[in-house]
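First up is the structure itself, then whatever we jot down about it.
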Amino acid sequence: MQDDFLKYQAQTTPHPLAMEVSHAKGSYVFDTKGKAYLDFVAGVSACSLGHSHPKVVNAVKKQLDQYLHVMVYGEYIQKPAVELSKLLAKHLPKPLETTYLVNSGTEAIEGSIKLARRFTERSEIIAAKNAYHGNTMGSLSLMDYEERKQPFYPLIPDIKHIEFNLESDLSKITEKTAAVILETIQGGAGFIETTNNYLQKVQQRCNTVGAIFILDEIQSGIGRTGKLFGFENYNCQPDIVITGKGLGGGLPIGAFTASKNMMACLSDNPKLGHITTFGGNPVIAAAALATLKEITESNLMDLAIEKEQLIRQHLQHMHIKEIRGRGLMLAAITENEDIASTIIMRCKDQGLILFWLLFEPRAIRITPPLTISNKEIIKGCLIITSVLDSI
């Protein structure tokens, strides 16, 4: 199987981890040799309720018996998609009430760029340095990492960058700016939070010049930071909010939500301003609806903050310089890249799944399922500290 994997399936790195998965349940992934791995990554923040959560599985099975794909997005009334969009609106502040469901976070970014340009009739988009919003052409254009962008030039024009958390850069947001798009917590850069009401000040500047304020909640949303949406921690409100990853409960989804008035721009002049065949797929929407209901109707968000403190308590070690992030979106920052990679690889051998971050080589990603138990957290932290002791 490994030979076929390497030969027939396109690879994203020269040396993939290549674990052959048998099954996954709860906080564990099992390989074909029967070894169990405690999952501190949750599919890179995607499996909010862990693996094969019964409510998600049951919702999928129920929908499978009714119908699968029937029509391109937005033409037929399909109950799972309508109920999911309605539930998102219920938990978002007004006027964020209309959701466009798509297939992934990066497609939601693409749709948001189009929507902001169409609504404002401006072209300039401002993003943050060290941002990561996806890898399709528009999303890639938002990145300032030339090494990753240059091989794919030309990308979309009129993109400018500001320094995250640097208030003096806000003057670069002008009447020429269609939108400012930021991650609520910078992910690939090392799980960096905003300071000094920065996001509120960005919102105010956007309001002043008539620009659209877009927040990328693909990682920080859906309960991971102790709030349903990360921006609720920072006293601000976007004009467009983007979700993905954890919304699907382990299935592929993305969404962007705005006011009814703004979203109407994509339905006329031109018609079909954004088109997706499988966005709002009923099986995916059913899984997402079950996931969102479970997170909003349980105490998982409150527990995320308690579990954060438990991780911080049990990951005190001389080789860990700081732990960044909030809730169960955490990054342990080590002394250097070699230590981080050694920990990730040795912990895998010890039955613990960890992973890297894109732009911060010293970081170890810790984004377990929201459903992880305290006992499992302590077990994972002990594996990490025992590996650290051996370095």
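Order determines the names: the first chain of the structure tokens is A, the second B, and so forth; residues in each chain are numbered 1 upward, and ligands are numbered 1 upward as they are shown.
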Subject >> Distance query stretch 204-207 of chain A at most 9 Å, only C-alpha atoms, self and fewer than 5 positions along chain excluded, as a list of chain:residue names >> reply: A:Leu170, A:Ser171, A:Ile173, A:Thr174, A:Thr177, A:Ala179, A:Val180, A:Leu199, A:Ile212, A:Phe213
Produce a file of the selected residues containing C-alpha atoms, as an mmCIF file, in the first residue's frame.
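See selection-v7.cif below for the written result:
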data_model
loop_
_atom_site.group_PDB
_atom_site.id
_atom_site.type_symbol
_atom_site.label_atom_id
_atom_site.label_comp_id
_atom_site.auth_asym_id
_atom_site.auth_seq_id
_atom_site.Cartn_x
_atom_site.Cartn_y
_atom_site.Cartn_z
ATOM 1 C CA LEU A 170 -3.464 50.829 9.520
ATOM 2 C CA SER A 171 -2.939 54.062 7.576
ATOM 3 C CA ILE A 173 -6.028 51.012 4.574
ATOM 4 C CA THR A 174 -7.527 53.728 2.356
ATOM 5 C CA THR A 177 -9.129 49.329 -0.302
ATOM 6 C CA ALA A 179 -11.175 44.629 1.937
ATOM 7 C CA VAL A 180 -8.813 43.814 4.739
ATOM 8 C CA LEU A 199 -8.841 43.848 15.513
ATOM 9 C CA ILE A 212 -14.869 45.373 4.030
ATOM 10 C CA PHE A 213 -13.438 43.736 7.166
#
**OP:** Provide the atom CA of A:Leu315 to atom CA of A:Ile384 distance in Å, to one decimal place.
**Re:** 7.8 Å
Original post:
Leaving out stretch 330-344 of chain A and any residue of its chain fewer than 2 positions from it, which residues lie within 6 Å of it when counting only C-alpha atoms, given as a list in words?
Top reply: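 Returned residues: His319, Ile320, Lys321, Glu322, Ile323, Arg324, Gly325, Leu328, Arg346, Cys347, Leu354, Pro361, Arg362, Ala363, Ile364, Arg365 and Ile366 of chain A.
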Can those selected residues be exported to a file as a PDB file, in the first residue's frame so that it contains C-alpha atoms?
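selection-v8.pdb, written as the output of this step:
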ATOM      1  CA  HIS A 319      12.862  23.156  26.167  1.00  0.00           C
ATOM      2  CA  ILE A 320       9.430  24.813  25.783  1.00  0.00           C
ATOM      3  CA  LYS A 321       9.909  28.578  25.724  1.00  0.00           C
ATOM      4  CA  GLU A 322       6.253  29.549  25.537  1.00  0.00           C
ATOM      5  CA  ILE A 323       2.828  28.234  24.631  1.00  0.00           C
ATOM      6  CA  ARG A 324       0.901  30.492  22.267  1.00  0.00           C
ATOM      7  CA  GLY A 325      -2.757  30.532  21.391  1.00  0.00           C
ATOM      8  CA  LEU A 328      -7.414  24.167  22.106  1.00  0.00           C
ATOM      9  CA  ARG A 346       9.727  10.748  18.443  1.00  0.00           C
ATOM     10  CA  CYS A 347       6.254  11.339  19.869  1.00  0.00           C
ATOM     11  CA  LEU A 354       1.731  16.122  16.733  1.00  0.00           C
ATOM     12  CA  PRO A 361       9.629  26.032  12.470  1.00  0.00           C
ATOM     13  CA  ARG A 362      10.106  26.068  16.249  1.00  0.00           C
ATOM     14  CA  ALA A 363       6.425  25.367  16.854  1.00  0.00           C
ATOM     15  CA  ILE A 364       4.617  22.161  17.733  1.00  0.00           C
ATOM     16  CA  ARG A 365       0.925  22.160  16.848  1.00  0.00           C
ATOM     17  CA  ILE A 366      -1.404  21.119  19.683  1.00  0.00           C
TER      18      ILE A 366
END
**OP:** Compile the contact shell of A:Val41 as number ranges by chain: residues with an atom at most 9 Å away, counting only C-alpha atoms, same-chain residues fewer than 3 positions apart removed.
**Re:** A: 44-47, 353-355, 365-369
Can I get the selection written as a compact mmCIF listing (two decimals), in the first residue's frame, with N, CA and C atoms?
# COMPACT_ATOMS: atom_id res chain seq x y z
N VAL A 44 -5.60 18.49 11.65
CA VAL A 44 -5.25 19.91 11.53
C VAL A 44 -6.49 20.76 11.83
N SER A 45 -6.99 20.59 13.05
CA SER A 45 -8.10 21.38 13.61
C SER A 45 -9.45 21.08 12.97
N ALA A 46 -9.56 20.02 12.17
CA ALA A 46 -10.80 19.76 11.44
C ALA A 46 -11.79 18.88 12.19
N CYS A 47 -11.28 17.95 12.99
CA CYS A 47 -12.17 16.98 13.65
C CYS A 47 -12.55 17.50 15.03
N ILE A 353 0.24 11.84 18.11
CA ILE A 353 0.28 12.60 16.86
C ILE A 353 0.41 14.08 17.18
N LEU A 354 1.50 14.67 16.70
CA LEU A 354 1.73 16.12 16.73
C LEU A 354 2.02 16.55 15.30
N PHE A 355 2.15 17.88 15.07
CA PHE A 355 2.43 18.32 13.70
C PHE A 355 3.11 19.68 13.75
N ARG A 365 2.38 21.97 16.85
CA ARG A 365 0.93 22.16 16.85
C ARG A 365 0.27 21.26 17.89
N ILE A 366 -0.59 21.87 18.73
CA ILE A 366 -1.40 21.12 19.68
C ILE A 366 -2.85 21.58 19.51
N THR A 367 -3.58 20.84 18.69
CA THR A 367 -4.98 21.18 18.40
C THR A 367 -5.84 19.91 18.49
N PRO A 368 -5.97 19.34 19.67
CA PRO A 368 -6.72 18.08 19.80
C PRO A 368 -8.22 18.30 19.60
N PRO A 369 -8.98 17.23 19.48
CA PRO A 369 -10.44 17.39 19.41
C PRO A 369 -10.97 18.09 20.67
Identify all residues of stretch 116-328 of chain A in helix (DSSP H, G or I) (DSSP on the backbone) and supply them as an mmCIF file with N, CA and C atoms, in the first residue's frame.
data_model
loop_
_atom_site.group_PDB
_atom_site.id
_atom_site.type_symbol
_atom_site.label_atom_id
_atom_site.label_comp_id
_atom_site.auth_asym_id
_atom_site.auth_seq_id
_atom_site.Cartn_x
_atom_site.Cartn_y
_atom_site.Cartn_z
ATOM 1 N N ALA A 116 -16.140 41.000 -1.828
ATOM 2 C CA ALA A 116 -15.677 42.323 -1.382
ATOM 3 C C ALA A 116 -15.415 43.234 -2.581
ATOM 4 N N ARG A 117 -14.788 42.697 -3.620
ATOM 5 C CA ARG A 117 -14.521 43.513 -4.806
ATOM 6 C C ARG A 117 -15.819 43.896 -5.510
ATOM 7 N N ARG A 118 -16.734 42.964 -5.594
ATOM 8 C CA ARG A 118 -18.018 43.254 -6.256
ATOM 9 C C ARG A 118 -18.815 44.287 -5.470
ATOM 10 N N PHE A 119 -18.848 44.166 -4.151
ATOM 11 C CA PHE A 119 -19.673 45.049 -3.327
ATOM 12 C C PHE A 119 -19.115 46.471 -3.281
ATOM 13 N N THR A 120 -17.795 46.586 -3.163
ATOM 14 C CA THR A 120 -17.177 47.916 -3.034
ATOM 15 C C THR A 120 -16.826 48.545 -4.365
ATOM 16 N N MET A 137 -5.342 30.030 -6.122
ATOM 17 C CA MET A 137 -4.605 31.180 -6.637
ATOM 18 C C MET A 137 -4.928 32.488 -5.904
ATOM 19 N N GLY A 138 -6.183 32.722 -5.618
ATOM 20 C CA GLY A 138 -6.522 33.935 -4.885
ATOM 21 C C GLY A 138 -6.010 33.910 -3.464
ATOM 22 N N SER A 139 -6.202 32.781 -2.790
ATOM 23 C CA SER A 139 -5.727 32.647 -1.413
ATOM 24 C C SER A 139 -4.210 32.745 -1.346
ATOM 25 N N LEU A 140 -3.530 32.111 -2.291
ATOM 26 C CA LEU A 140 -2.076 32.177 -2.347
ATOM 27 C C LEU A 140 -1.601 33.605 -2.575
ATOM 28 N N SER A 141 -2.354 34.370 -3.341
ATOM 29 C CA SER A 141 -1.997 35.763 -3.614
ATOM 30 C C SER A 141 -1.960 36.606 -2.350
ATOM 31 N N GLU A 146 7.364 34.946 -0.514
ATOM 32 C CA GLU A 146 7.739 34.900 -1.918
ATOM 33 C C GLU A 146 8.212 33.515 -2.361
ATOM 34 N N GLU A 147 8.884 32.802 -1.490
ATOM 35 C CA GLU A 147 9.382 31.477 -1.846
ATOM 36 C C GLU A 147 8.245 30.552 -2.274
ATOM 37 N N ARG A 148 7.090 30.695 -1.631
ATOM 38 C CA ARG A 148 5.946 29.853 -1.970
ATOM 39 C C ARG A 148 5.146 30.409 -3.144
ATOM 40 N N LYS A 149 5.170 31.723 -3.331
ATOM 41 C CA LYS A 149 4.364 32.349 -4.382
ATOM 42 C C LYS A 149 5.040 32.372 -5.745
ATOM 43 N N GLN A 150 6.334 32.637 -5.751
ATOM 44 C CA GLN A 150 7.041 32.937 -6.993
ATOM 45 C C GLN A 150 6.885 31.869 -8.086
ATOM 46 N N PRO A 151 6.921 30.573 -7.737
ATOM 47 C CA PRO A 151 6.793 29.571 -8.809
ATOM 48 C C PRO A 151 5.454 29.588 -9.536
ATOM 49 N N PHE A 152 4.459 30.295 -8.990
ATOM 50 C CA PHE A 152 3.112 30.257 -9.556
ATOM 51 C C PHE A 152 2.682 31.605 -10.133
ATOM 52 N N GLU A 167 -0.148 48.876 14.644
ATOM 53 C CA GLU A 167 -1.196 49.869 14.438
ATOM 54 C C GLU A 167 -0.804 50.947 13.436
ATOM 55 N N SER A 168 0.488 51.267 13.365
ATOM 56 C CA SER A 168 0.905 52.317 12.434
ATOM 57 C C SER A 168 0.660 51.923 10.982
ATOM 58 N N ASP A 169 0.540 50.628 10.706
ATOM 59 C CA ASP A 169 0.270 50.165 9.341
ATOM 60 C C ASP A 169 -1.178 50.370 8.916
ATOM 61 N N LEU A 170 -2.045 50.702 9.847
ATOM 62 C CA LEU A 170 -3.464 50.829 9.520
ATOM 63 C C LEU A 170 -3.724 51.998 8.572
ATOM 64 N N SER A 171 -2.791 52.937 8.503
ATOM 65 C CA SER A 171 -2.939 54.062 7.576
ATOM 66 C C SER A 171 -2.868 53.594 6.120
ATOM 67 N N LYS A 172 -2.360 52.390 5.893
ATOM 68 C CA LYS A 172 -2.304 51.838 4.532
ATOM 69 C C LYS A 172 -3.683 51.411 4.036
ATOM 70 N N TYR A 198 -6.369 45.322 18.708
ATOM 71 C CA TYR A 198 -5.947 45.533 17.326
ATOM 72 C C TYR A 198 -7.074 45.278 16.329
ATOM 73 N N LEU A 199 -7.786 44.164 16.478
ATOM 74 C CA LEU A 199 -8.841 43.848 15.513
ATOM 75 C C LEU A 199 -9.965 44.878 15.553
ATOM 76 N N GLN A 200 -10.261 45.390 16.722
ATOM 77 C CA GLN A 200 -11.273 46.447 16.834
ATOM 78 C C GLN A 200 -10.827 47.699 16.079
ATOM 79 N N LYS A 201 -9.539 48.005 16.163
ATOM 80 C CA LYS A 201 -9.005 49.178 15.474
ATOM 81 C C LYS A 201 -8.989 48.974 13.963
ATOM 82 N N VAL A 202 -8.730 47.744 13.518
ATOM 83 C CA VAL A 202 -8.824 47.451 12.081
ATOM 84 C C VAL A 202 -10.264 47.643 11.608
ATOM 85 N N GLN A 203 -11.208 47.131 12.381
ATOM 86 C CA GLN A 203 -12.626 47.289 12.032
ATOM 87 C C GLN A 203 -12.998 48.767 11.924
ATOM 88 N N GLN A 204 -12.555 49.556 12.890
ATOM 89 C CA GLN A 204 -12.876 50.988 12.876
ATOM 90 C C GLN A 204 -12.273 51.677 11.654
ATOM 91 N N ARG A 205 -11.040 51.315 11.304
ATOM 92 C CA ARG A 205 -10.404 51.916 10.137
ATOM 93 C C ARG A 205 -11.149 51.522 8.864
ATOM 94 N N CYS A 206 -11.552 50.260 8.766
ATOM 95 C CA CYS A 206 -12.329 49.813 7.605
ATOM 96 C C CYS A 206 -13.638 50.586 7.498
ATOM 97 N N ASN A 207 -14.303 50.770 8.615
ATOM 98 C CA ASN A 207 -15.556 51.519 8.615
ATOM 99 C C ASN A 207 -15.340 52.953 8.128
ATOM 100 N N THR A 208 -14.230 53.548 8.527
ATOM 101 C CA THR A 208 -13.932 54.928 8.168
ATOM 102 C C THR A 208 -13.745 55.100 6.663
ATOM 103 N N VAL A 209 -13.062 54.150 6.033
ATOM 104 C CA VAL A 209 -12.736 54.296 4.605
ATOM 105 C C VAL A 209 -13.669 53.510 3.697
ATOM 106 N N GLY A 230 -13.797 32.906 17.031
ATOM 107 C CA GLY A 230 -12.664 33.489 17.733
ATOM 108 C C GLY A 230 -12.789 34.978 17.946
ATOM 109 N N PHE A 231 -13.431 35.689 16.999
ATOM 110 C CA PHE A 231 -13.508 37.146 17.124
ATOM 111 C C PHE A 231 -14.306 37.581 18.346
ATOM 112 N N GLU A 232 -15.123 36.688 18.916
ATOM 113 C CA GLU A 232 -15.872 37.020 20.118
ATOM 114 C C GLU A 232 -14.948 37.279 21.314
ATOM 115 N N ASN A 233 -13.693 36.823 21.218
ATOM 116 C CA ASN A 233 -12.727 37.076 22.287
ATOM 117 C C ASN A 233 -12.107 38.462 22.209
ATOM 118 N N LYS A 245 -12.803 23.887 8.110
ATOM 119 C CA LYS A 245 -12.170 22.902 8.982
ATOM 120 C C LYS A 245 -13.144 22.274 9.981
ATOM 121 N N GLY A 246 -13.174 22.773 11.223
ATOM 122 C CA GLY A 246 -13.941 22.163 12.299
ATOM 123 C C GLY A 246 -15.437 22.167 12.114
ATOM 124 N N LEU A 247 -15.948 22.951 11.171
ATOM 125 C CA LEU A 247 -17.389 23.004 10.948
ATOM 126 C C LEU A 247 -17.928 21.680 10.422
ATOM 127 N N GLY A 248 -17.121 20.939 9.675
ATOM 128 C CA GLY A 248 -17.612 19.731 9.018
ATOM 129 C C GLY A 248 -17.571 18.476 9.856
ATOM 130 N N LYS A 260 -27.318 39.983 4.237
ATOM 131 C CA LYS A 260 -28.153 39.625 3.091
ATOM 132 C C LYS A 260 -27.908 40.595 1.935
ATOM 133 N N ASN A 261 -27.802 41.867 2.264
ATOM 134 C CA ASN A 261 -27.601 42.901 1.250
ATOM 135 C C ASN A 261 -26.287 42.702 0.509
ATOM 136 N N MET A 262 -25.225 42.424 1.243
ATOM 137 C CA MET A 262 -23.928 42.225 0.606
ATOM 138 C C MET A 262 -23.917 40.951 -0.223
ATOM 139 N N MET A 263 -24.423 39.866 0.333
ATOM 140 C CA MET A 263 -24.369 38.591 -0.361
ATOM 141 C C MET A 263 -25.197 38.599 -1.655
ATOM 142 N N ALA A 264 -26.183 39.455 -1.715
ATOM 143 C CA ALA A 264 -27.013 39.531 -2.920
ATOM 144 C C ALA A 264 -26.203 39.930 -4.149
ATOM 145 N N CYS A 265 -25.020 40.523 -3.929
ATOM 146 C CA CYS A 265 -24.180 40.924 -5.062
ATOM 147 C C CYS A 265 -23.744 39.742 -5.910
ATOM 148 N N LEU A 266 -23.701 38.575 -5.316
ATOM 149 C CA LEU A 266 -23.246 37.404 -6.065
ATOM 150 C C LEU A 266 -24.356 36.749 -6.875
ATOM 151 N N SER A 267 -25.577 37.266 -6.765
ATOM 152 C CA SER A 267 -26.691 36.643 -7.487
ATOM 153 C C SER A 267 -27.133 37.425 -8.720
ATOM 154 N N PRO A 282 -25.723 17.819 0.687
ATOM 155 C CA PRO A 282 -26.581 17.467 1.812
ATOM 156 C C PRO A 282 -25.915 16.561 2.857
ATOM 157 N N VAL A 283 -25.050 15.654 2.423
ATOM 158 C CA VAL A 283 -24.373 14.781 3.387
ATOM 159 C C VAL A 283 -23.393 15.591 4.229
ATOM 160 N N ILE A 284 -22.621 16.459 3.570
ATOM 161 C CA ILE A 284 -21.664 17.301 4.282
ATOM 162 C C ILE A 284 -22.402 18.264 5.213
ATOM 163 N N ALA A 285 -23.473 18.866 4.712
ATOM 164 C CA ALA A 285 -24.236 19.811 5.523
ATOM 165 C C ALA A 285 -24.863 19.127 6.733
ATOM 166 N N ALA A 286 -25.311 17.890 6.564
ATOM 167 C CA ALA A 286 -25.881 17.142 7.694
ATOM 168 C C ALA A 286 -24.821 16.902 8.767
ATOM 169 N N ALA A 287 -23.609 16.551 8.334
ATOM 170 C CA ALA A 287 -22.517 16.356 9.293
ATOM 171 C C ALA A 287 -22.184 17.657 9.999
ATOM 172 N N ALA A 288 -22.119 18.748 9.251
ATOM 173 C CA ALA A 288 -21.801 20.048 9.839
ATOM 174 C C ALA A 288 -22.890 20.509 10.804
ATOM 175 N N LEU A 289 -24.142 20.275 10.434
ATOM 176 C CA LEU A 289 -25.253 20.655 11.312
ATOM 177 C C LEU A 289 -25.183 19.899 12.629
ATOM 178 N N ALA A 290 -24.906 18.596 12.564
ATOM 179 C CA ALA A 290 -24.777 17.802 13.790
ATOM 180 C C ALA A 290 -23.601 18.287 14.631
ATOM 181 N N THR A 291 -22.512 18.634 13.974
ATOM 182 C CA THR A 291 -21.334 19.144 14.683
ATOM 183 C C THR A 291 -21.643 20.458 15.371
ATOM 184 N N LEU A 292 -22.242 21.373 14.642
ATOM 185 C CA LEU A 292 -22.539 22.693 15.203
ATOM 186 C C LEU A 292 -23.536 22.605 16.346
ATOM 187 N N LYS A 293 -24.538 21.751 16.203
ATOM 188 C CA LYS A 293 -25.499 21.568 17.293
ATOM 189 C C LYS A 293 -24.815 21.039 18.553
ATOM 190 N N GLU A 294 -23.960 20.040 18.396
ATOM 191 C CA GLU A 294 -23.298 19.452 19.550
ATOM 192 C C GLU A 294 -22.407 20.471 20.255
ATOM 193 N N ILE A 295 -21.696 21.269 19.501
ATOM 194 C CA ILE A 295 -20.800 22.251 20.114
ATOM 195 C C ILE A 295 -21.584 23.359 20.804
ATOM 196 N N THR A 296 -22.668 23.814 20.200
ATOM 197 C CA THR A 296 -23.420 24.923 20.781
ATOM 198 C C THR A 296 -24.362 24.485 21.902
ATOM 199 N N GLU A 297 -24.724 23.215 21.937
ATOM 200 C CA GLU A 297 -25.670 22.754 22.951
ATOM 201 C C GLU A 297 -24.998 22.036 24.116
ATOM 202 N N LEU A 300 -18.720 22.026 25.661
ATOM 203 C CA LEU A 300 -17.392 21.807 25.087
ATOM 204 C C LEU A 300 -16.586 23.097 24.970
ATOM 205 N N MET A 301 -17.244 24.203 24.695
ATOM 206 C CA MET A 301 -16.499 25.463 24.558
ATOM 207 C C MET A 301 -15.942 25.923 25.896
ATOM 208 N N ASP A 302 -16.736 25.801 26.959
ATOM 209 C CA ASP A 302 -16.228 26.140 28.293
ATOM 210 C C ASP A 302 -15.083 25.216 28.684
ATOM 211 N N LEU A 303 -15.235 23.941 28.355
ATOM 212 C CA LEU A 303 -14.196 22.978 28.702
ATOM 213 C C LEU A 303 -12.910 23.222 27.927
ATOM 214 N N ALA A 304 -13.005 23.830 26.734
ATOM 215 C CA ALA A 304 -11.799 24.106 25.950
ATOM 216 C C ALA A 304 -10.847 25.013 26.719
ATOM 217 N N ILE A 305 -11.384 25.956 27.463
ATOM 218 C CA ILE A 305 -10.536 26.861 28.252
ATOM 219 C C ILE A 305 -9.919 26.113 29.422
ATOM 220 N N GLU A 306 -10.700 25.239 30.064
ATOM 221 C CA GLU A 306 -10.153 24.436 31.161
ATOM 222 C C GLU A 306 -9.060 23.495 30.650
ATOM 223 N N LYS A 307 -9.278 22.927 29.476
ATOM 224 C CA LYS A 307 -8.288 22.003 28.912
ATOM 225 C C LYS A 307 -7.021 22.748 28.485
ATOM 226 N N GLU A 308 -7.179 23.979 28.052
ATOM 227 C CA GLU A 308 -6.003 24.799 27.750
ATOM 228 C C GLU A 308 -5.116 24.931 28.988
ATOM 229 N N GLN A 309 -5.738 25.243 30.106
ATOM 230 C CA GLN A 309 -4.965 25.411 31.342
ATOM 231 C C GLN A 309 -4.297 24.106 31.758
ATOM 232 N N LEU A 310 -4.978 22.989 31.520
ATOM 233 C CA LEU A 310 -4.400 21.684 31.858
ATOM 234 C C LEU A 310 -3.159 21.410 31.002
ATOM 235 N N ILE A 311 -3.246 21.744 29.722
ATOM 236 C CA ILE A 311 -2.092 21.565 28.837
ATOM 237 C C ILE A 311 -0.938 22.459 29.281
ATOM 238 N N ARG A 312 -1.239 23.716 29.574
ATOM 239 C CA ARG A 312 -0.186 24.633 30.023
ATOM 240 C C ARG A 312 0.457 24.141 31.321
ATOM 241 N N GLN A 313 -0.353 23.597 32.198
ATOM 242 C CA GLN A 313 0.154 23.098 33.478
ATOM 243 C C GLN A 313 1.105 21.924 33.290
ATOM 244 N N HIS A 314 0.774 21.040 32.351
ATOM 245 C CA HIS A 314 1.537 19.798 32.208
ATOM 246 C C HIS A 314 2.605 19.862 31.111
#
Original post:
Taking the backbone alone, and naming residues the way the document does, which bits of stretch 176-333 of chain A are strand (DSSP E) by DSSP, as a PyMOL selection string?
Top reply: chain A and resi 177-183+212-216+240-244+254-258+320-326+329-333
Write the residues of the preceding selection, restricted to C-alpha atoms, as a CSV table (one decimal), in the first residue's frame.
chain,number,residue,atom,x,y,z
A,177,THR,CA,-9.1,49.3,-0.3
A,178,ALA,CA,-11.9,46.8,-1.1
A,179,ALA,CA,-11.2,44.6,1.9
A,180,VAL,CA,-8.8,43.8,4.7
A,181,ILE,CA,-8.6,40.1,5.4
A,182,LEU,CA,-7.0,38.8,8.6
A,183,GLU,CA,-6.8,35.6,10.5
A,212,ILE,CA,-14.9,45.4,4.0
A,213,PHE,CA,-13.4,43.7,7.2
A,214,ILE,CA,-13.0,40.0,6.6
A,215,LEU,CA,-12.0,37.6,9.3
A,216,ASP,CA,-10.7,34.1,8.5
A,240,ILE,CA,-17.6,38.8,6.3
A,241,VAL,CA,-16.7,35.7,8.5
A,242,ILE,CA,-15.1,32.7,7.0
A,243,THR,CA,-15.4,29.2,8.5
A,244,GLY,CA,-14.2,25.7,7.5
A,254,GLY,CA,-16.1,25.9,3.9
A,255,ALA,CA,-18.5,28.8,4.4
A,256,PHE,CA,-18.5,32.6,4.2
A,257,THR,CA,-21.2,34.6,5.9
A,258,ALA,CA,-22.2,38.3,5.4
A,320,ILE,CA,9.4,24.8,25.8
A,321,LYS,CA,9.9,28.6,25.7
A,322,GLU,CA,6.3,29.5,25.5
A,323,ILE,CA,2.8,28.2,24.6
A,324,ARG,CA,0.9,30.5,22.3
A,325,GLY,CA,-2.8,30.5,21.4
A,326,ARG,CA,-6.1,30.1,23.2
A,329,MET,CA,-5.6,26.1,19.4
A,330,LEU,CA,-2.1,26.0,20.9
A,331,ALA,CA,1.5,26.0,19.8
A,332,ALA,CA,4.4,25.0,22.0
A,333,ILE,CA,7.4,27.0,20.9
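Picture a line from atom CA of A:Lys375 to atom CA of A:Gly327; it runs 16.9 Å.
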Original post:
Given the choices A:Ala108, A:Leu272, A:Ala18, A:Leu358, which gets closest to A:Tyr132 if the distance is worked out from only C-alpha atoms?
Top reply: A:Leu358
Subject >> Residue nearest A:Gly273 among A:Gln9, A:Asn197, A:Gln316, A:Ser112 (counting only C-alpha atoms) >> reply: A:Ser112
Can you list, as a CSV table (one decimal) with N, CA and C atoms, in the first residue's frame, every protein, DNA or RNA residue that comes within 10 Å of A:Asp389 when you count only C-alpha atoms, leaving out same-chain residues fewer than 3 positions away?
chain,number,residue,atom,x,y,z
A,317,HIS,N,8.4,22.9,30.7
A,317,HIS,CA,9.7,22.2,30.5
A,317,HIS,C,10.7,23.2,30.0
A,318,MET,N,11.9,23.0,30.3
A,318,MET,CA,13.0,23.9,29.9
A,318,MET,C,13.1,24.1,28.4
A,319,HIS,N,12.8,23.1,27.6
A,319,HIS,CA,12.9,23.2,26.2
A,319,HIS,C,11.6,23.8,25.5
A,383,ILE,N,3.9,12.1,27.4
A,383,ILE,CA,4.7,11.6,26.3
A,383,ILE,C,5.6,12.7,25.8
A,384,ILE,N,5.1,13.9,25.6
A,384,ILE,CA,5.9,15.1,25.2
A,384,ILE,C,7.1,15.4,26.1
A,385,THR,N,6.7,15.5,27.4
A,385,THR,CA,7.8,15.8,28.4
A,385,THR,C,8.8,14.7,28.5
A,386,SER,N,8.4,13.4,28.4
A,386,SER,CA,9.4,12.4,28.5
A,386,SER,C,10.3,12.4,27.3
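Proximity ranking of A:Glu121, A:Glu175, A:Leu88, A:Leu370 relative to A:Leu49 places A:Leu370 first, based on only C-alpha atoms.
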**OP:** Kindly give the distance, in Å, that separates atom CA of A:Ile222 and atom CA of A:Leu87, rounded to a single decimal.
**Re:**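 Going from atom CA of A:Ile222 over to atom CA of A:Leu87, I get 12.2 Å.
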**OP:** Check the smallest atom-to-atom distance from each of A:Val387, A:Ile378, A:Leu68, A:Met345 to A:Pro16 using only C-alpha atoms, then report the winner.
**Re:**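 Of all the options, A:Met345 lies closest to A:Pro16.
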Original post:
Can you list, as a list in words, every protein, DNA or RNA residue that comes within 12 Å of A:Ile275 when you count only C-alpha atoms, leaving out same-chain residues fewer than 6 positions away?
Top reply: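 The contact residues come out as Met71, Val72, Tyr73, Gly74, Glu75, Tyr100, Leu101, Val102, Asn103, Glu107, Ala108, Glu110, Gly111, Lys114, Leu266 and Ser267 of chain A.
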